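All remarks here apply to the structure that follows.
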Amino acid sequence: MNNCIKCGKEIPDGELFCRDCSLEDIVGTKPEKVQEVPAAAPPQKKKTVKQDTIRLDPIKAKKPIGLIVSLVLVILLLAASVFYIFQNRSLVQRAKNQLLSAEVSAEKANNQSDSLQTQLETANGEIVELESEIVQLKTQIEELESQLHGQSSQSAQEAYDASAKDQEIQRLTTQADDLANQLNEANSQLETTAGDLEAATTALEELTETHAQQIEQYEETITEQIEELDELKEKVEELEDENTSYLKKVTFMDRFVVFVENDGSNLYHTYNCSRFKKEDFWVFNPSYAKNQGYSECPNCH
């Protein structure tokens, strides 16, 4: 806490006057007694009673650090907001790309499943046809065997015919064995196809579940980052309000507070004047400084 340079009351840091003394300066109320300035004595012709002012010891003027810090924070928060916005867009785009990839993978798996289903149906049709041919061959074999046994007592011609039929039976038996082998291979292929179909179905389900979880996580992350962005916006608004308050104070100081250095120049300066050394000085308002015989600094007015 600082003290008012007029009445000595406690005031916030960065202030020079308390509220009452500031209002007195604004309406033109003068202090009771003015301390004479060694380098610029007032004219002797005036017999008015001079009022003392409080002379400040040489002090180091405080720079508006709060204003600078608030501006830096505003810039940093705005930069962070832009960064989070671009980051959120990047995450959303990445989630969309992964979702699109998942849909493409799911479509491929569905196409593969349809192809395997078609192959399975084709294999089933071939098995049915092979079973039908085996039944027909068995029927033919039985008929030939019956004919062979019925003609065993016939002539040599019949024996020859029986031998030819026997050869036909062997041929048909070999063909039946071949068809049986083809049936076994078809059954094996059917089992393999069914296993592939089941594995593809399981992989599709796992892939769908995984991508659903990833999408849910991305949505939660995006929601959290949007909430953080809203909080940053609120902080930026608070800092802007604080910055506005500081600007009002600085405007007030530049308008109603001037500084007279103990350098014999009889000039009064604003705080930001390059000729104001901020070493040994008095603090007045502009009208009071003029009444005391001080003139505006041509550098800052």
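If you're wondering about the labels, chains in the structure tokens are A, B, ... by order shown, residues count from 1 in each chain, ligands from 1 in order shown.
The residue set within 9 Å of region 191-206 of chain A, counting only C-alpha atoms and dropping same-chain residues fewer than 5 places from it, reads Ser105, Ala106, Ala109, Asn110, Gln112, Ser113, Leu116, Gln117, Gln119, Leu120, Ala186 and His211 of chain A.
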Output for the residues just chosen: N, CA and C atoms as an mmCIF file, in the first residue's frame:
data_model
loop_
_atom_site.group_PDB
_atom_site.id
_atom_site.type_symbol
_atom_site.label_atom_id
_atom_site.label_comp_id
_atom_site.auth_asym_id
_atom_site.auth_seq_id
_atom_site.Cartn_x
_atom_site.Cartn_y
_atom_site.Cartn_z
ATOM 1 N N SER A 105 -12.439 -49.790 -44.518
ATOM 2 C CA SER A 105 -12.062 -51.135 -44.072
ATOM 3 C C SER A 105 -13.301 -52.002 -43.868
ATOM 4 N N ALA A 106 -14.350 -51.397 -43.295
ATOM 5 C CA ALA A 106 -15.580 -52.151 -43.077
ATOM 6 C C ALA A 106 -16.218 -52.566 -44.398
ATOM 7 N N ALA A 109 -14.234 -55.438 -45.768
ATOM 8 C CA ALA A 109 -14.548 -56.662 -45.034
ATOM 9 C C ALA A 109 -15.916 -57.209 -45.450
ATOM 10 N N ASN A 110 -16.883 -56.280 -45.661
ATOM 11 C CA ASN A 110 -18.208 -56.726 -46.102
ATOM 12 C C ASN A 110 -18.133 -57.354 -47.489
ATOM 13 N N GLN A 112 -15.504 -58.804 -48.798
ATOM 14 C CA GLN A 112 -14.841 -60.098 -48.637
ATOM 15 C C GLN A 112 -15.813 -61.133 -48.074
ATOM 16 N N SER A 113 -16.645 -60.680 -47.103
ATOM 17 C CA SER A 113 -17.631 -61.591 -46.520
ATOM 18 C C SER A 113 -18.628 -62.065 -47.584
ATOM 19 N N LEU A 116 -16.872 -64.606 -49.815
ATOM 20 C CA LEU A 116 -16.760 -65.912 -49.157
ATOM 21 C C LEU A 116 -18.116 -66.607 -49.080
ATOM 22 N N GLN A 117 -19.164 -65.818 -48.866
ATOM 23 C CA GLN A 117 -20.503 -66.411 -48.812
ATOM 24 C C GLN A 117 -20.879 -66.992 -50.180
ATOM 25 N N GLN A 119 -18.738 -68.095 -52.465
ATOM 26 C CA GLN A 119 -17.936 -69.303 -52.640
ATOM 27 C C GLN A 119 -18.538 -70.473 -51.846
ATOM 28 N N LEU A 120 -19.019 -70.173 -50.642
ATOM 29 C CA LEU A 120 -19.620 -71.215 -49.815
ATOM 30 C C LEU A 120 -20.870 -71.783 -50.481
ATOM 31 N N ALA A 186 -13.873 -80.815 -51.442
ATOM 32 C CA ALA A 186 -14.897 -79.757 -51.365
ATOM 33 C C ALA A 186 -15.290 -79.489 -49.916
ATOM 34 N N HIS A 211 -12.790 -48.657 -33.632
ATOM 35 C CA HIS A 211 -12.981 -47.318 -34.200
ATOM 36 C C HIS A 211 -14.078 -46.553 -33.455
#
For the atom pair CA of Glu219 (chain A) and CA of Leu232 (chain A), what is the interatomic distance in Å to one decimal place?
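Computing the Euclidean distance for CA of Glu219 (chain A) and CA of Leu232 (chain A) yields 19.9 Å.
You can rank A:Leu16, A:Ala212, A:Ile141, A:Val72 by their closest distance to Glu103 (chain A) using only C-alpha atoms, and at the top of that list sits A:Ala212.
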If we count only C-alpha atoms, what is near region 285-296 of chain A at a cut-off of 6 Å, once residues fewer than 6 positions away on the same chain are taken out, given as a list in words?
Phe256, Val257, Val258, Asn266, Leu267 and Tyr268 of chain A
Just-selected residues, N, CA and C atoms written as a PDB file, in the first residue's frame:
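Output contents, as saved in selection30.pdb:
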ATOM      1  N   PHE A 256      -4.695  15.099 -15.430  1.00  0.00           N
ATOM      2  CA  PHE A 256      -4.822  15.899 -14.210  1.00  0.00           C
ATOM      3  C   PHE A 256      -3.567  15.919 -13.344  1.00  0.00           C
ATOM      4  N   VAL A 257      -2.483  15.242 -13.760  1.00  0.00           N
ATOM      5  CA  VAL A 257      -1.271  15.218 -12.940  1.00  0.00           C
ATOM      6  C   VAL A 257      -0.082  15.638 -13.802  1.00  0.00           C
ATOM      7  N   VAL A 258       0.681  16.633 -13.320  1.00  0.00           N
ATOM      8  CA  VAL A 258       1.911  17.059 -13.982  1.00  0.00           C
ATOM      9  C   VAL A 258       3.033  17.044 -12.955  1.00  0.00           C
ATOM     10  N   ASN A 266      11.349  25.873 -14.493  1.00  0.00           N
ATOM     11  CA  ASN A 266       9.983  26.408 -14.362  1.00  0.00           C
ATOM     12  C   ASN A 266       9.016  25.775 -15.374  1.00  0.00           C
ATOM     13  N   LEU A 267       9.271  24.528 -15.746  1.00  0.00           N
ATOM     14  CA  LEU A 267       8.397  23.813 -16.669  1.00  0.00           C
ATOM     15  C   LEU A 267       7.754  22.629 -15.961  1.00  0.00           C
ATOM     16  N   TYR A 268       6.530  22.325 -16.348  1.00  0.00           N
ATOM     17  CA  TYR A 268       5.912  21.118 -15.828  1.00  0.00           C
ATOM     18  C   TYR A 268       5.723  20.130 -16.991  1.00  0.00           C
TER      19      TYR A 268
END
If we count only C-alpha atoms and set the cut-off at 9 Å, which residues sit around region 178-184 of chain A, ignoring sequence neighbours fewer than 6 positions away in its own chain? Please answer as a ChimeraX atom specification.
/A:126-127,130-131,133-134
Go ahead and write the selection's residues with all heavy atoms as a short mmCIF file (atom, residue, chain, number, x, y, z; two decimals), in the first residue's frame.
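As written to disk, again-v2.cif reads:
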data_model
loop_
_atom_site.label_atom_id
_atom_site.label_comp_id
_atom_site.auth_asym_id
_atom_site.auth_seq_id
_atom_site.Cartn_x
_atom_site.Cartn_y
_atom_site.Cartn_z
N GLU A 126 -21.89 -77.62 -55.55
CA GLU A 126 -21.06 -78.67 -56.14
C GLU A 126 -21.16 -79.95 -55.31
O GLU A 126 -21.17 -81.08 -55.87
CB GLU A 126 -19.62 -78.20 -56.21
CG GLU A 126 -19.40 -77.08 -57.22
CD GLU A 126 -17.97 -76.59 -57.23
OE1 GLU A 126 -17.19 -77.07 -56.36
OE2 GLU A 126 -17.62 -75.74 -58.08
N ILE A 127 -21.19 -79.81 -53.97
CA ILE A 127 -21.30 -81.01 -53.12
C ILE A 127 -22.61 -81.75 -53.39
O ILE A 127 -22.66 -83.00 -53.47
CB ILE A 127 -21.20 -80.61 -51.65
CG1 ILE A 127 -19.77 -80.16 -51.33
CG2 ILE A 127 -21.60 -81.75 -50.73
CD1 ILE A 127 -19.61 -79.55 -49.97
N LEU A 130 -22.20 -83.59 -56.65
CA LEU A 130 -21.33 -84.77 -56.50
C LEU A 130 -22.05 -85.89 -55.76
O LEU A 130 -21.93 -87.08 -56.12
CB LEU A 130 -20.05 -84.38 -55.76
CG LEU A 130 -19.08 -83.47 -56.55
CD1 LEU A 130 -17.94 -83.04 -55.64
CD2 LEU A 130 -18.55 -84.20 -57.78
N GLU A 131 -22.79 -85.57 -54.75
CA GLU A 131 -23.54 -86.61 -54.01
C GLU A 131 -24.57 -87.27 -54.91
O GLU A 131 -24.78 -88.49 -54.86
CB GLU A 131 -24.21 -85.98 -52.79
CG GLU A 131 -23.22 -85.57 -51.69
CD GLU A 131 -23.91 -84.92 -50.51
OE1 GLU A 131 -25.11 -84.57 -50.66
OE2 GLU A 131 -23.26 -84.74 -49.46
N GLU A 133 -24.35 -87.55 -58.20
CA GLU A 133 -23.64 -88.42 -59.15
C GLU A 133 -23.19 -89.71 -58.48
O GLU A 133 -23.23 -90.80 -59.08
CB GLU A 133 -22.43 -87.67 -59.72
CG GLU A 133 -22.80 -86.53 -60.65
CD GLU A 133 -21.58 -85.82 -61.19
OE1 GLU A 133 -20.46 -86.27 -60.86
OE2 GLU A 133 -21.73 -84.84 -61.95
N ILE A 134 -22.74 -89.61 -57.20
CA ILE A 134 -22.32 -90.82 -56.48
C ILE A 134 -23.50 -91.78 -56.31
O ILE A 134 -23.37 -93.02 -56.48
CB ILE A 134 -21.73 -90.45 -55.12
CG1 ILE A 134 -20.37 -89.75 -55.32
CG2 ILE A 134 -21.56 -91.66 -54.22
CD1 ILE A 134 -19.79 -89.17 -54.06
#
DSSP-assigned strand (DSSP E) among region 139-296 of chain A, expressed as number ranges by chain
A: 258-261, 267-269, 281-284, 295-296
Please, what distance in Å, to one decimal, runs between CA of Val250 (chain A) and CA of Gly8 (chain A)?
21.7 Å
Can you tell me, as number ranges by chain, what residues are no more than 7 Å from His269 (chain A) when counting only C-alpha atoms, ignoring any on the same chain fewer than 6 positions away?
A: 258-260, 276, 296-297, 300
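Shortest atom-to-atom contact with Asn187 (chain A) among A:Val69, A:Asn3, A:Gly14, A:Gly125: A:Gly125, counting only C-alpha atoms.
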Looking at A:Glu231, A:Glu15, A:Glu185, A:Glu145, which one is nearest to Thr173 (chain A), with distances taken over only C-alpha atoms?
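Checking each candidate against Thr173 (chain A), we get A:Glu145 as the closest.
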